[in-house]
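Trainee: The structure file run.cif (mmCIF, C-alpha atoms) is provided below.
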```
data_work
#
loop_
_atom_site.label_atom_id
_atom_site.label_comp_id
_atom_site.auth_asym_id
_atom_site.auth_seq_id
_atom_site.Cartn_x
_atom_site.Cartn_y
_atom_site.Cartn_z
CA MET I 1 182.68 -110.05 133.69
CA LEU I 2 184.01 -109.68 130.15
CA GLY I 3 183.46 -105.97 130.56
CA PHE I 4 185.58 -105.87 133.71
CA VAL I 5 188.29 -107.90 132.00
CA SER I 6 188.35 -105.25 129.27
CA LEU I 7 188.29 -102.49 131.91
CA PHE I 8 191.46 -103.66 133.68
CA MET I 9 193.36 -104.41 130.48
CA ASP I 10 192.44 -100.99 129.13
CA ILE I 11 193.69 -99.33 132.33
CA SER I 12 197.00 -101.06 131.67
CA SER I 13 197.15 -100.29 127.95
CA GLU I 14 195.95 -96.68 128.13
CA LEU I 15 198.28 -95.88 131.04
CA ILE I 16 201.05 -96.50 128.50
CA HIS I 17 199.26 -95.33 125.36
CA GLY I 18 198.41 -91.94 126.85
CA LEU I 19 202.11 -91.19 127.32
CA LEU I 20 203.67 -93.17 124.48
CA PRO I 21 203.45 -90.61 121.61
CA VAL I 22 205.06 -87.92 123.78
CA PHE I 23 207.66 -90.39 125.07
CA MET I 24 208.56 -91.32 121.48
CA VAL I 25 208.81 -87.71 120.30
CA THR I 26 210.53 -86.12 123.32
CA SER I 27 212.64 -88.96 124.76
CA LEU I 28 213.40 -91.04 121.67
CA GLY I 29 213.40 -88.28 119.02
CA ALA I 30 210.72 -89.83 116.79
CA SER I 31 208.98 -87.93 113.95
CA ALA I 32 205.21 -87.80 113.40
CA LEU I 33 205.69 -90.26 110.54
CA ALA I 34 207.48 -92.70 112.87
CA VAL I 35 204.63 -92.38 115.38
CA GLY I 36 202.15 -93.03 112.56
CA VAL I 37 204.03 -96.09 111.34
CA VAL I 38 204.33 -97.59 114.85
CA GLU I 39 200.69 -96.93 115.68
CA GLY I 40 199.42 -97.94 112.25
CA VAL I 41 201.30 -101.23 112.12
CA ALA I 42 200.40 -101.99 115.74
CA GLU I 43 196.68 -101.36 115.38
CA ALA I 44 196.52 -102.98 111.94
CA THR I 45 198.25 -106.06 113.36
CA ALA I 46 195.63 -106.33 116.09
CA LEU I 47 192.78 -106.08 113.62
CA ILE I 48 194.29 -108.45 111.04
CA VAL I 49 195.18 -111.14 113.59
CA LYS I 50 191.51 -111.14 114.58
CA VAL I 51 190.77 -112.87 111.26
CA PHE I 52 192.70 -115.94 112.28
CA SER I 53 191.58 -115.99 115.90
CA GLY I 54 187.94 -115.54 114.88
CA VAL I 55 188.12 -118.30 112.29
CA LEU I 56 189.92 -120.58 114.76
CA SER I 57 187.31 -119.94 117.44
CA ASP I 58 184.58 -121.03 115.01
CA TYR I 59 186.61 -124.09 113.99
CA LEU I 60 187.19 -125.19 117.59
CA GLY I 61 183.81 -124.08 118.90
CA LYS I 62 185.69 -122.49 121.82
CA ARG I 63 186.26 -118.79 122.43
CA LYS I 64 187.64 -118.45 125.96
CA VAL I 65 190.97 -120.23 125.55
CA LEU I 66 191.96 -117.89 122.70
CA ALA I 67 190.87 -114.89 124.74
CA VAL I 68 193.08 -116.04 127.64
CA VAL I 69 196.08 -116.42 125.32
CA GLY I 70 195.49 -112.96 123.89
CA TYR I 71 195.10 -111.18 127.22
CA GLY I 72 198.09 -113.07 128.61
CA LEU I 73 200.30 -111.98 125.72
CA GLY I 74 199.18 -108.39 126.22
CA ALA I 75 200.19 -108.57 129.88
CA LEU I 76 203.60 -110.06 129.07
CA SER I 77 204.38 -107.22 126.63
CA LYS I 78 204.12 -104.42 129.21
CA PRO I 79 207.68 -104.59 130.61
CA LEU I 80 209.11 -103.97 127.13
CA PHE I 81 207.79 -100.40 127.12
CA ALA I 82 209.63 -99.60 130.34
CA LEU I 83 212.84 -101.10 128.94
CA ALA I 84 212.63 -99.42 125.50
CA LEU I 85 215.76 -97.48 124.46
CA THR I 86 214.86 -96.84 120.80
CA VAL I 87 211.81 -96.46 118.59
CA ASN I 88 212.45 -100.01 117.36
CA TRP I 89 211.98 -101.29 120.91
CA VAL I 90 208.68 -99.46 121.17
CA PHE I 91 207.68 -100.89 117.80
CA ALA I 92 208.41 -104.43 119.00
CA ALA I 93 206.51 -103.89 122.26
CA ARG I 94 203.47 -102.44 120.48
CA PHE I 95 203.59 -105.24 117.92
CA ILE I 96 203.53 -107.98 120.59
CA ASP I 97 200.87 -106.17 122.60
CA ARG I 98 198.62 -105.79 119.56
CA ILE I 99 199.10 -109.42 118.51
CA GLY I 100 197.64 -110.25 121.91
CA LYS I 101 194.76 -107.88 121.30
CA GLY I 102 194.17 -109.44 117.90
CA ILE I 103 194.10 -112.96 119.30
CA ARG I 104 191.53 -112.07 121.96
CA GLY I 105 189.34 -109.59 120.09
CA ALA I 106 187.17 -111.63 117.70
CA PRO I 107 186.63 -114.59 120.07
CA ARG I 108 185.64 -112.17 122.86
CA ASP I 109 183.22 -110.27 120.59
CA ALA I 110 181.73 -113.54 119.37
CA LEU I 111 181.45 -114.74 122.99
CA VAL I 112 179.37 -111.66 123.85
CA ALA I 113 176.95 -112.62 121.06
CA ASP I 114 176.90 -116.24 122.31
CA LEU I 115 176.00 -115.10 125.84
CA ALA I 116 173.53 -112.25 125.13
CA PRO I 117 169.90 -112.74 124.00
CA PRO I 118 169.37 -111.23 120.51
CA GLU I 119 166.81 -108.67 121.71
CA ILE I 120 169.35 -106.96 123.99
CA ARG I 121 172.49 -107.61 121.96
CA GLY I 122 173.06 -103.93 121.19
CA ALA I 123 172.86 -103.09 124.90
CA ALA I 124 175.24 -105.98 125.70
CA TYR I 125 177.87 -104.71 123.29
CA GLY I 126 177.32 -101.19 124.57
CA LEU I 127 177.78 -102.32 128.19
CA ARG I 128 181.01 -104.16 127.45
CA GLN I 129 182.23 -101.18 125.46
CA SER I 130 181.32 -98.79 128.28
CA LEU I 131 183.27 -100.80 130.86
CA ASP I 132 186.17 -101.08 128.41
CA THR I 133 186.09 -97.31 128.02
CA VAL I 134 185.94 -96.68 131.77
CA GLY I 135 189.32 -98.41 131.79
CA ALA I 136 190.44 -96.18 128.95
CA PHE I 137 189.41 -93.24 131.16
CA LEU I 138 191.05 -94.44 134.38
CA GLY I 139 194.31 -95.53 132.73
CA PRO I 140 195.34 -92.05 131.53
CA LEU I 141 194.27 -90.54 134.87
CA LEU I 142 196.52 -93.03 136.64
CA GLY I 143 199.27 -92.13 134.18
CA ILE I 144 198.98 -88.43 135.05
CA GLY I 145 199.10 -89.14 138.78
CA LEU I 146 202.12 -91.42 138.47
CA MET I 147 203.94 -88.93 136.21
CA LEU I 148 203.48 -86.21 138.85
CA ILE I 149 204.57 -88.54 141.66
CA TRP I 150 207.63 -89.78 139.76
CA ALA I 151 208.58 -86.36 138.34
CA GLY I 152 207.95 -87.23 134.70
CA ASP I 153 209.87 -90.52 134.67
CA PHE I 154 208.16 -92.33 131.79
CA ARG I 155 209.90 -95.66 132.33
CA THR I 156 209.01 -95.99 136.00
CA VAL I 157 205.39 -95.16 135.24
CA PHE I 158 205.24 -97.81 132.51
CA TRP I 159 206.13 -100.55 135.01
CA PHE I 160 202.86 -99.94 136.89
CA ALA I 161 200.89 -101.13 133.83
CA LEU I 162 201.72 -104.73 134.78
CA ILE I 163 199.35 -104.72 137.77
CA PRO I 164 195.95 -104.15 136.08
CA ALA I 165 197.01 -106.38 133.16
CA PHE I 166 197.57 -109.28 135.58
CA ILE I 167 194.18 -108.64 137.24
CA ALA I 168 192.46 -108.79 133.83
CA VAL I 169 193.93 -112.21 133.06
CA VAL I 170 192.92 -113.58 136.47
CA LEU I 171 189.33 -112.33 136.08
CA LEU I 172 189.03 -113.94 132.66
CA VAL I 173 190.42 -117.29 133.76
CA PHE I 174 188.26 -117.62 136.88
CA GLY I 175 185.26 -115.37 136.23
CA VAL I 176 184.05 -116.13 132.69
CA HIS I 177 182.29 -119.42 131.89
CA GLU I 178 181.86 -120.22 128.22
CA PRO I 179 178.57 -121.78 127.01
CA GLY I 180 178.93 -125.40 125.94
CA ALA I 181 179.10 -126.26 122.23
CA PRO I 182 175.90 -127.72 120.71
CA ALA I 183 175.64 -131.50 121.03
CA GLY I 184 177.11 -133.40 118.10
CA ARG I 185 178.98 -130.41 116.76
CA LYS I 186 182.07 -131.28 114.70
CA PRO I 187 184.83 -128.88 113.65
CA ALA I 188 184.40 -127.73 110.06
CA ALA I 189 186.96 -126.41 107.61
CA PRO I 190 187.47 -122.84 108.82
CA ILE I 191 187.44 -120.95 105.50
CA GLN I 192 185.89 -122.01 102.22
CA TRP I 193 184.47 -120.02 99.31
CA ALA I 194 181.06 -121.30 100.33
CA THR I 195 181.64 -119.92 103.80
CA LEU I 196 182.38 -116.44 102.45
CA ALA I 197 179.29 -116.58 100.24
CA GLU I 198 177.19 -117.69 103.20
CA MET I 199 177.96 -114.39 104.95
CA GLY I 200 175.58 -112.56 102.63
CA GLY I 201 175.49 -109.14 100.99
CA ALA I 202 174.38 -107.29 104.12
CA TYR I 203 177.49 -108.48 105.98
CA TRP I 204 179.90 -107.51 103.20
CA PHE I 205 178.29 -104.08 103.00
CA VAL I 206 179.05 -103.59 106.72
CA VAL I 207 182.65 -104.68 106.05
CA ALA I 208 183.03 -102.17 103.20
CA VAL I 209 181.55 -99.28 105.18
CA GLY I 210 183.65 -100.19 108.22
CA GLY I 211 186.83 -100.15 106.13
CA VAL I 212 186.19 -96.70 104.68
CA PHE I 213 185.13 -95.49 108.13
CA THR I 214 188.44 -96.69 109.60
CA LEU I 215 190.36 -94.66 106.99
CA ALA I 216 188.87 -91.62 108.71
CA ARG I 217 189.85 -92.85 112.18
CA PHE I 218 193.63 -92.77 112.34
CA SER I 219 195.36 -93.43 115.66
CA GLU I 220 194.40 -91.35 118.71
CA ALA I 221 198.14 -90.71 119.08
CA PHE I 222 197.62 -87.76 116.73
CA LEU I 223 195.04 -86.27 119.09
CA ILE I 224 197.70 -86.31 121.81
CA LEU I 225 200.28 -84.73 119.51
CA ARG I 226 197.76 -82.05 118.51
CA ALA I 227 197.20 -81.15 122.17
CA GLN I 228 200.96 -81.09 122.82
CA GLN I 229 201.34 -78.82 119.78
CA GLN I 230 198.85 -76.43 121.39
CA GLY I 231 200.80 -76.29 124.65
CA LEU I 232 199.71 -79.23 126.82
CA PRO I 233 202.61 -80.23 129.18
CA ASP I 234 204.04 -83.73 128.77
CA SER I 235 202.86 -84.96 132.17
CA TYR I 236 199.28 -84.04 131.31
CA ALA I 237 199.27 -85.60 127.82
CA PRO I 238 196.99 -88.47 128.99
CA LEU I 239 194.25 -85.88 129.64
CA VAL I 240 193.46 -86.13 125.94
CA LEU I 241 192.47 -89.77 126.35
CA VAL I 242 190.68 -88.97 129.62
CA VAL I 243 188.37 -86.48 127.87
CA MET I 244 187.82 -88.76 124.89
CA SER I 245 187.20 -91.87 127.01
CA LEU I 246 184.88 -90.10 129.47
CA VAL I 247 182.56 -89.04 126.64
CA TYR I 248 182.92 -92.48 125.04
CA ALA I 249 182.11 -94.33 128.27
CA LEU I 250 179.07 -92.18 129.08
CA SER I 251 177.61 -92.50 125.59
CA ALA I 252 178.35 -96.12 124.57
CA TYR I 253 175.72 -97.91 126.68
CA PRO I 254 172.73 -95.58 126.10
CA LEU I 255 173.55 -95.38 122.40
CA GLY I 256 173.90 -99.18 122.32
CA LYS I 257 170.36 -99.43 123.74
CA LEU I 258 169.21 -96.87 121.16
CA ALA I 259 170.69 -99.09 118.42
CA ASP I 260 168.23 -101.82 119.47
CA ARG I 261 165.31 -99.49 118.65
CA MET I 262 166.32 -97.50 115.55
CA SER I 263 167.86 -97.88 112.12
CA HIS I 264 171.51 -98.88 112.42
CA LEU I 265 172.41 -97.09 109.21
CA LYS I 266 170.89 -93.80 110.41
CA LEU I 267 172.76 -94.01 113.71
CA LEU I 268 175.99 -94.82 111.88
CA ALA I 269 175.45 -91.82 109.57
CA ALA I 270 174.96 -89.59 112.60
CA GLY I 271 178.23 -90.90 114.06
CA LEU I 272 180.05 -90.05 110.83
CA ILE I 273 178.68 -86.51 110.91
CA VAL I 274 179.99 -86.13 114.47
CA LEU I 275 183.42 -87.40 113.34
CA ILE I 276 183.49 -84.85 110.51
CA ALA I 277 182.72 -82.11 113.05
CA ALA I 278 185.54 -83.39 115.31
CA ASP I 279 188.04 -83.36 112.44
CA LEU I 280 187.09 -79.83 111.39
CA VAL I 281 187.38 -78.51 114.96
CA LEU I 282 190.79 -80.17 115.44
CA ALA I 283 192.04 -78.96 112.06
CA GLN I 284 191.26 -75.34 112.92
CA ALA I 285 192.03 -75.51 116.66
CA GLN I 286 193.74 -72.53 118.23
CA GLY I 287 194.36 -73.38 121.87
CA LEU I 288 193.58 -76.22 124.22
CA ILE I 289 189.86 -75.45 124.64
CA ALA I 290 189.26 -76.05 120.93
CA VAL I 291 191.34 -79.24 121.08
CA ALA I 292 189.27 -80.43 124.06
CA LEU I 293 186.05 -79.83 122.11
CA GLY I 294 187.38 -81.77 119.13
CA VAL I 295 188.53 -84.64 121.34
CA ALA I 296 185.12 -84.75 123.08
CA LEU I 297 183.37 -84.98 119.71
CA TRP I 298 185.80 -87.75 118.74
CA GLY I 299 184.78 -89.66 121.89
CA LEU I 300 181.09 -89.15 121.11
CA HIS I 301 181.48 -90.58 117.61
CA LEU I 302 183.18 -93.65 119.12
CA GLY I 303 180.27 -94.12 121.52
CA MET I 304 177.83 -93.86 118.61
CA THR I 305 179.60 -96.24 116.26
CA GLN I 306 181.92 -98.84 117.81
CA GLY I 307 179.38 -100.97 119.64
CA LEU I 308 176.98 -100.34 116.75
CA LEU I 309 179.37 -101.76 114.16
CA ALA I 310 179.88 -104.86 116.32
CA THR I 311 176.11 -105.28 116.58
CA MET I 312 175.72 -104.90 112.80
CA VAL I 313 178.34 -107.59 112.19
CA ALA I 314 176.74 -109.95 114.72
CA ASN I 315 173.26 -109.45 113.24
CA ALA I 316 174.34 -109.81 109.61
CA ALA I 317 176.47 -112.97 110.03
CA PRO I 318 175.23 -116.56 110.60
CA ALA I 319 175.54 -117.54 114.27
CA HIS I 320 177.99 -120.39 113.61
CA LEU I 321 180.30 -118.05 111.65
CA ARG I 322 180.35 -115.06 113.99
CA GLY I 323 184.02 -115.46 114.89
CA THR I 324 184.95 -115.61 111.21
CA ALA I 325 182.67 -112.64 110.50
CA PHE I 326 184.33 -110.47 113.13
CA GLY I 327 187.69 -111.64 111.83
CA PHE I 328 187.12 -110.52 108.23
CA PHE I 329 185.53 -107.28 109.38
CA ASN I 330 188.66 -106.54 111.37
CA LEU I 331 190.90 -107.55 108.47
CA ALA I 332 189.38 -104.79 106.35
CA SER I 333 189.57 -102.35 109.25
CA GLY I 334 193.19 -103.33 109.97
CA ILE I 335 194.36 -102.63 106.43
CA ALA I 336 192.50 -99.31 106.53
CA MET I 337 194.02 -98.40 109.93
CA LEU I 338 197.55 -99.02 108.65
CA VAL I 339 196.96 -96.83 105.59
CA ALA I 340 195.23 -94.13 107.66
CA SER I 341 197.92 -93.82 110.34
CA VAL I 342 200.87 -93.81 107.91
CA LEU I 343 199.06 -91.27 105.72
CA ALA I 344 198.27 -89.14 108.79
CA GLY I 345 201.96 -89.11 109.77
CA LEU I 346 203.07 -88.18 106.26
CA LEU I 347 200.54 -85.36 105.98
CA TRP I 348 201.48 -84.10 109.45
CA ASP I 349 205.20 -83.96 108.62
CA ARG I 350 204.83 -82.59 105.08
CA LEU I 351 201.74 -80.35 105.18
CA GLY I 352 200.88 -79.78 108.84
CA ALA I 353 198.43 -81.05 111.44
CA GLY I 354 195.42 -79.28 109.92
CA VAL I 355 195.65 -81.18 106.63
CA THR I 356 195.76 -84.48 108.54
CA PHE I 357 192.38 -83.80 110.11
CA TYR I 358 190.88 -82.43 106.89
CA ALA I 359 191.81 -85.74 105.24
CA GLY I 360 189.97 -87.60 108.00
CA ALA I 361 186.87 -85.50 107.34
CA ALA I 362 187.11 -86.34 103.63
CA PHE I 363 187.16 -90.09 104.29
CA SER I 364 184.19 -89.72 106.68
CA THR I 365 182.29 -87.97 103.91
CA ALA I 366 183.07 -90.87 101.56
CA ALA I 367 181.60 -93.34 104.08
CA LEU I 368 178.50 -91.14 104.38
CA LEU I 369 178.08 -91.26 100.60
CA MET I 370 178.23 -95.07 100.72
CA LEU I 371 175.37 -95.09 103.22
CA ALA I 372 173.37 -92.67 101.08
CA LEU I 373 173.88 -94.77 97.94
CA ARG I 374 172.66 -97.84 99.80
CA GLY I 375 169.26 -96.20 99.52
CA ARG I 376 167.41 -98.32 102.07
CA ARG I 377 168.11 -100.28 105.21
CA PRO I 378 168.75 -104.01 104.59
CA PRO I 379 166.47 -106.14 106.77
CA SER I 380 169.41 -107.92 108.46
CA VAL I 381 171.28 -104.68 109.16
#
```
Reformat the file's structure so that it appears as structure tokens.
Mentor:
Amino acid sequence: MLGFVSLFMDISSELIHGLLPVFMVTSLGASALAVGVVEGVAEATALIVKVFSGVLSDYLGKRKVLAVVGYGLGALSKPLFALALTVNWVFAARFIDRIGKGIRGAPRDALVADLAPPEIRGAAYGLRQSLDTVGAFLGPLLGIGLMLIWAGDFRTVFWFALIPAFIAVVLLVFGVHEPGAPAGRKPAAPIQWATLAEMGGAYWFVVAVGGVFTLARFSEAFLILRAQQQGLPDSYAPLVLVVMSLVYALSAYPLGKLADRMSHLKLLAAGLIVLIAADLVLAQAQGLIAVALGVALWGLHLGMTQGLLATMVANAAPAHLRGTAFGFFNLASGIAMLVASVLAGLLWDRLGAGVTFYAGAAFSTAALLMLALRGRRPPSV
């Protein structure tokens, strides 16, 4: 059920997200740097807010109520995109939407771990991620259809995002039942130095690798701009996310099951190699076929790594601190996402699209070196 909640909210979000970079550039006159700042701040906000929601979910011993607040805020933000007259409006809408995502993210991820038996936890995260990504596939497709029906009217199309967002909230409220807290449990102080030390070295290694990895994964908005640069019409801009999400959705569950049977570090290294290949293809792309190949590789690396990183965090952290663990992991990733997206926009405006993707490949290589220097797989990772 959590997977279907994610599916419908992603239909709503990606319906907008698949068109938003083009809307900002063509209708509002935004630069690549402005797109990078909006996307970077938005995604970083979502990841950083997860720190507080994750810690609070551990403190309260309740995950679902925070998830409901987060999904509800995401739904309430959708009309602002349709009403936006300036880049600042879009910035505000994205900011509110991503605050909602941040509030719901860590409690939801911790709830998956609370519900799933440890021996199939990788498959559980992969399944939720696959359903989430089916939504990320259907949302852009719906966006294309609505753009053709409404003759390229971005604002009218954005209004339709309200419907699946409302369905997601209803499914969460009535369809997900949270496990009861252990008997005699009392709320503890949410963050103490002892708490951070209790996480252990294996957990903090995952946080460090995840942060460097995120530097290589700037916003997918730049994939859309790259396709537009190579001649993709505005109405078909969401096809970029369709291709990426299709590969992501098809690969996330089987690769999540694979993560239950092989070294997590080796699978993560393979995902980084795929991301390097995607960046190199996109940097050198001449035409839409090359862009499609690069986008497909980008989707494959997501399928290999996103559920895997969640599994690594869940396995490395103590059970009673999982919300906090996901929160701090996302804090590091949020700071990295902000830096990555702003840097990507600057490089795009100053030096060209190719340099942006070469920089992503360089950060991926740095993360690979961190894995190599680790030398051996920690037992808890």
Trainee: I'd like to see the residues matched by the PyMOL selection byres ((chain I and resi 14) around 12) on this file, and ideally I'd get them as a PyMOL selection string.
Mentor: chain I and resi 6-13+15-21+78+132-144+157-158+160-162+164-165+220-221+237-242+244-245
Trainee: Show which residues sit within 7 Å of Ala361 in chain I, as a PDB file with C-alpha atoms, in the coordinates of the input. Count all atoms listed in the file, and ignore same-chain residues fewer than 4 positions away.
Mentor:
```
ATOM      1  CA  ALA I 216     188.870 -91.620 108.710  1.00  0.00           C
ATOM      2  CA  ILE I 276     183.490 -84.850 110.510  1.00  0.00           C
ATOM      3  CA  ASP I 279     188.040 -83.360 112.440  1.00  0.00           C
ATOM      4  CA  LEU I 280     187.090 -79.830 111.390  1.00  0.00           C
ATOM      5  CA  PHE I 357     192.380 -83.800 110.110  1.00  0.00           C
ATOM      6  CA  THR I 365     182.290 -87.970 103.910  1.00  0.00           C
TER       7      THR I 365
END
```
Trainee: Can you tell me, as a list in words, what residues are no more than 8 Å from Thr305 in chain I when counting all atoms listed in the file, ignoring any on the same chain fewer than 3 positions away?
Mentor: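 Listed by chain and then number, they are Leu267, Leu268, Gly271, His301, Leu302, Leu308 and Leu309 of chain I.
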Trainee: Can you list what the PyMOL selection byres ((chain I and resi 367) around 8) grabs from this structure, as a count of residues only?
Mentor: 12
Trainee: Determine the residue set returned by the PyMOL selection byres ((chain I and resi 259) around 12) for the present structure, and present it as a PyMOL selection string.
Mentor: chain I and resi 119-126+251-258+260-268+270-271+303-312+315+381
Trainee: I:Leu127, I:Leu351, I:Leu83, I:Leu215: which is nearest Ile335 in chain I, counting only C-alpha atoms?
Mentor: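 Of all the options, I:Leu215 lies closest to Ile335 in chain I.
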Trainee: Suppose you want the space between CA of Ala359 in chain I and CA of Asn330 in chain I; what is it in Å?
Mentor: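 Interatomic distance, CA of Ala359 in chain I to CA of Asn330 in chain I: 21.9 Å.
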Trainee: Check the smallest atom-to-atom distance from each of I:Val207, I:Leu148, I:Val5, I:Leu111 to Val170 in chain I using all atoms listed in the file, then report the winner.
Mentor: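 Ranked by minimum distance to Val170 in chain I, first place goes to I:Val5.
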Trainee: Need the shell around Gly345 in chain I: protein/DNA/RNA residues with any atom at most 8 Å away, counting only C-alpha atoms. Skip same-chain ones fewer than 6 positions apart. Format as a ChimeraX atom specification?
Mentor: /I:32-37,356
Trainee: Quick one, how far is CA of Ala75 in chain I from CA of Lys50 in chain I?
Mentor: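 For CA of Ala75 in chain I relative to CA of Lys50 in chain I, the distance reads 17.8 Å.
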Trainee: In Å, how far is it from CA of Ala30 in chain I to CA of Val87 in chain I?
Mentor: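 Taking CA of Ala30 in chain I and CA of Val87 in chain I, their separation equals 7.0 Å.
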Trainee: Between I:Val55, I:Leu225, I:Val169, I:Ile163, which is the closest to Thr26 in chain I once you count all atoms listed in the file?
Mentor: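 The answer is I:Leu225, which sits nearest to Thr26 in chain I.
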Trainee: From the set I:Phe166, I:Phe4, I:Met199, I:Leu60, which residue has the shortest atom-to-atom contact distance to Ala317 in chain I, counting all atoms listed in the file?
Mentor: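 When distances to Ala317 in chain I are compared using all atoms listed in the file, the smallest one comes from I:Met199.
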Trainee: Let me make sure I understand: among I:Ala227, I:Val313, I:Ala296, I:Val281, which one has the smallest atom-to-atom distance to Gly360 in chain I if we use only C-alpha atoms?
Mentor: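 That would be I:Val281, the residue with the smallest distance to Gly360 in chain I.
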Trainee: Smallest atom-to-atom distance to Val176 in chain I: which of I:Ala92, I:Ala269, I:Val291, I:Leu2, using all atoms listed in the file?
Mentor: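 Result for the nearest residue to Val176 in chain I: I:Leu2.
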Trainee: Could you pull the residues within 8 Å of Thr214 in chain I, counting all atoms listed in the file, minus those fewer than 2 positions along the same chain, as a list in words?
Mentor: Gly210, Gly211, Val212, Ala216, Arg217, Phe218, Ser333, Ala336, Met337 and Ala340 of chain I
Trainee: Edge lengths and centre, in Å to one decimal, as AutoDock Vina command-line options: that's what I need for the box along x, y and z that holds all listed atoms of range 228-244 of chain I plus 4 Å on each side.
Mentor:
```
--center_x 195.9 --center_y -83.0 --center_z 126.0 --size_x 24.2 --size_y 21.5 --size_z 20.4
```
